[in-house]
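Take a look at the structure below.
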Amino acid sequence: MKSVSRYLYTVIMFFVVWVALTGTLRWDELITGAAVSIILALFTFHIFTTEGLKNLTPKRVICGIVYFFPYLIWEMIKANLDVAYRVIHPKRPINPGIVKVKTRMKSDLGKTLVANSITLTPGTFTIDVIGDEMFIHWINVKSQDVEEASKMIPGVFEKCLMKFMD
């Protein structure tokens, strides 16, 4: 029964991604997306989740929507403006480097969401995740201190994600 739950969850997630990427609700696109999702999930459901449909609680779905649309988009806009400023500034005020930060996320999914959110915002790039540590390339290193850098980089995303993850 757990395998069925994991399979259905994977089909749903693939289908959501399909709809998001195609950007249409035409019936032929939806049928194609459903077919592709069903087939892909047959081969990959064991990779994506251990919890299956338990991940789709109303709280997680609502918080996920709130996180990805207004919250993550706003952080990406701010980061884009910051990088654009640094590019057009005559002195190019950058201080690039790699910093080690700690994440408060416990699950692999939570860590993946934080790492991908960091990478999606211009000026930062997640290089590696080892346990609760992340190594981030930062365009303007403001602190090498692990605790301080952890508040500035993953902490921004974690405060929202912790409400529905882990």
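Chain labels run A, B, ... following the order of the structure tokens; each chain numbers its residues from 1, and ligands are numbered from 1 in the order shown.
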Those in range 31-132 of chain A with alpha helix (DSSP H) from DSSP, as an NGL selection string: :A and (31-48 or 58-66 or 72-88 or 108-120)
Nearest to Arg86 in chain A, chosen from A:Met1, A:Ala41, A:Val17, A:Ile139, with only C-alpha atoms counted in the distances: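 Checking each candidate against Arg86 in chain A, we get A:Ile139 as the closest.
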Atomic distance CA of Val156 in chain A - CA of Thr103 in chain A, expressed in Å with one decimal: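 Between CA of Val156 in chain A and CA of Thr103 in chain A the gap works out to 10.8 Å.
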Extract, using only C-alpha atoms, all DNA, RNA and protein residues at most 12 Å from Phe43 in chain A, discarding same-chain residues fewer than 4 positions from it, and format them as a short mmCIF file (atom, residue, chain, number, x, y, z; two decimals) with C-alpha atoms, in the first residue's frame.
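Writing the result to around17.cif gives the following:
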data_model
loop_
_atom_site.label_atom_id
_atom_site.label_comp_id
_atom_site.auth_asym_id
_atom_site.auth_seq_id
_atom_site.Cartn_x
_atom_site.Cartn_y
_atom_site.Cartn_z
CA ARG A 6 4.47 6.84 -3.24
CA TYR A 7 3.54 6.17 -6.87
CA THR A 10 5.02 11.03 -7.78
CA VAL A 11 2.38 11.08 -10.55
CA VAL A 36 3.83 11.15 -19.36
CA SER A 37 3.49 11.53 -15.57
CA ILE A 38 2.03 8.03 -15.18
CA ILE A 39 4.78 6.44 -17.26
CA ILE A 47 13.46 7.77 -5.80
CA PHE A 48 11.30 10.78 -4.95
#
Distance criterion (only C-alpha atoms): nearest to Gly131 in chain A out of A:Ser3, A:Thr24, A:Thr57, A:Thr112: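 Smallest distance to Gly131 in chain A is found for A:Thr112.
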Counting only C-alpha atoms, the residue of A:Glu148, A:Asp82, A:Glu158, A:Glu75 that sits nearest Val114 in chain A: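 Under the stated criterion, the closest residue is A:Glu158.
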Picked from range 26-166 of chain A by DSSP as strand (DSSP E or B), as a compact mmCIF listing (two decimals) with C-alpha atoms, in the first residue's frame:
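Contents of the output file part_5.txt:
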# COMPACT_ATOMS: atom_id res chain seq x y z
CA ASN A 95 33.52 40.15 -2.60
CA GLY A 97 33.75 33.56 -1.94
CA ILE A 98 32.54 30.23 -0.65
CA VAL A 99 30.97 30.14 2.79
CA LYS A 100 29.90 27.26 4.99
CA VAL A 101 26.44 27.61 6.49
CA LYS A 102 24.25 25.36 8.61
CA THR A 124 24.27 32.67 -4.56
CA PHE A 125 24.87 29.10 -5.67
CA THR A 126 24.69 25.95 -3.56
CA ILE A 127 27.81 23.90 -4.24
CA ASP A 128 27.34 21.00 -1.82
CA VAL A 129 25.17 19.77 1.05
CA ILE A 130 26.76 17.50 3.63
CA GLU A 133 26.10 21.96 6.32
CA MET A 134 25.86 23.70 2.98
CA PHE A 135 28.66 25.24 0.98
CA ILE A 136 27.47 28.33 -0.87
CA HIS A 137 29.22 30.49 -3.45
CA TRP A 138 28.21 34.05 -2.54
CA ASN A 140 29.29 39.41 -1.90
Counting only C-alpha atoms, the residue of A:Leu40, A:Met165, A:Ile118, A:Cys160 that sits nearest Pro70 in chain A: A:Cys160
Surrounding residues of Glu29 in chain A excluding itself and chain neighbours under 5 positions, 9 Å, only C-alpha atoms, as a list of chain:residue names: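 That gives A:Trp18, A:Val19, A:Thr22, A:Thr24, A:Ala34.
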Writer output for current selection, N, CA and C atoms, as a short mmCIF file (atom, residue, chain, number, x, y, z; two decimals), in the first residue's frame:
data_model
loop_
_atom_site.label_atom_id
_atom_site.label_comp_id
_atom_site.auth_asym_id
_atom_site.auth_seq_id
_atom_site.Cartn_x
_atom_site.Cartn_y
_atom_site.Cartn_z
N TRP A 18 4.43 19.43 -15.01
CA TRP A 18 4.05 19.47 -16.43
C TRP A 18 3.16 20.69 -16.70
N VAL A 19 2.14 20.86 -15.88
CA VAL A 19 1.21 21.98 -16.08
C VAL A 19 1.95 23.31 -15.90
N THR A 22 4.21 23.78 -19.10
CA THR A 22 3.51 24.02 -20.35
C THR A 22 2.71 25.31 -20.29
N THR A 24 -0.43 25.79 -19.83
CA THR A 24 -1.73 25.73 -20.49
C THR A 24 -2.62 24.70 -19.81
N ALA A 34 -0.68 13.89 -18.25
CA ALA A 34 -1.07 12.79 -17.37
C ALA A 34 -0.41 11.48 -17.81
#
Computed interatomic separation between CA of Pro122 in chain A and CA of Phe68 in chain A (Å):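 We find that CA of Pro122 in chain A and CA of Phe68 in chain A lie 16.0 Å from each other.
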Residue nearest Ile12 in chain A - candidates A:Trp27, A:Thr44, A:Leu53, A:Asp108, atoms counted: only C-alpha atoms: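 Closest candidate: A:Leu53.
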Given only C-alpha atoms as the counted atoms, nearest of A:Thr32, A:Ser5, A:Lys54, A:Arg104 to Glu147 in chain A: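 When distances to Glu147 in chain A are compared using only C-alpha atoms, the smallest one comes from A:Arg104.
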Å distance separating CA of Ser143 in chain A from CA of Asn116 in chain A, one decimal place: 21.3 Å
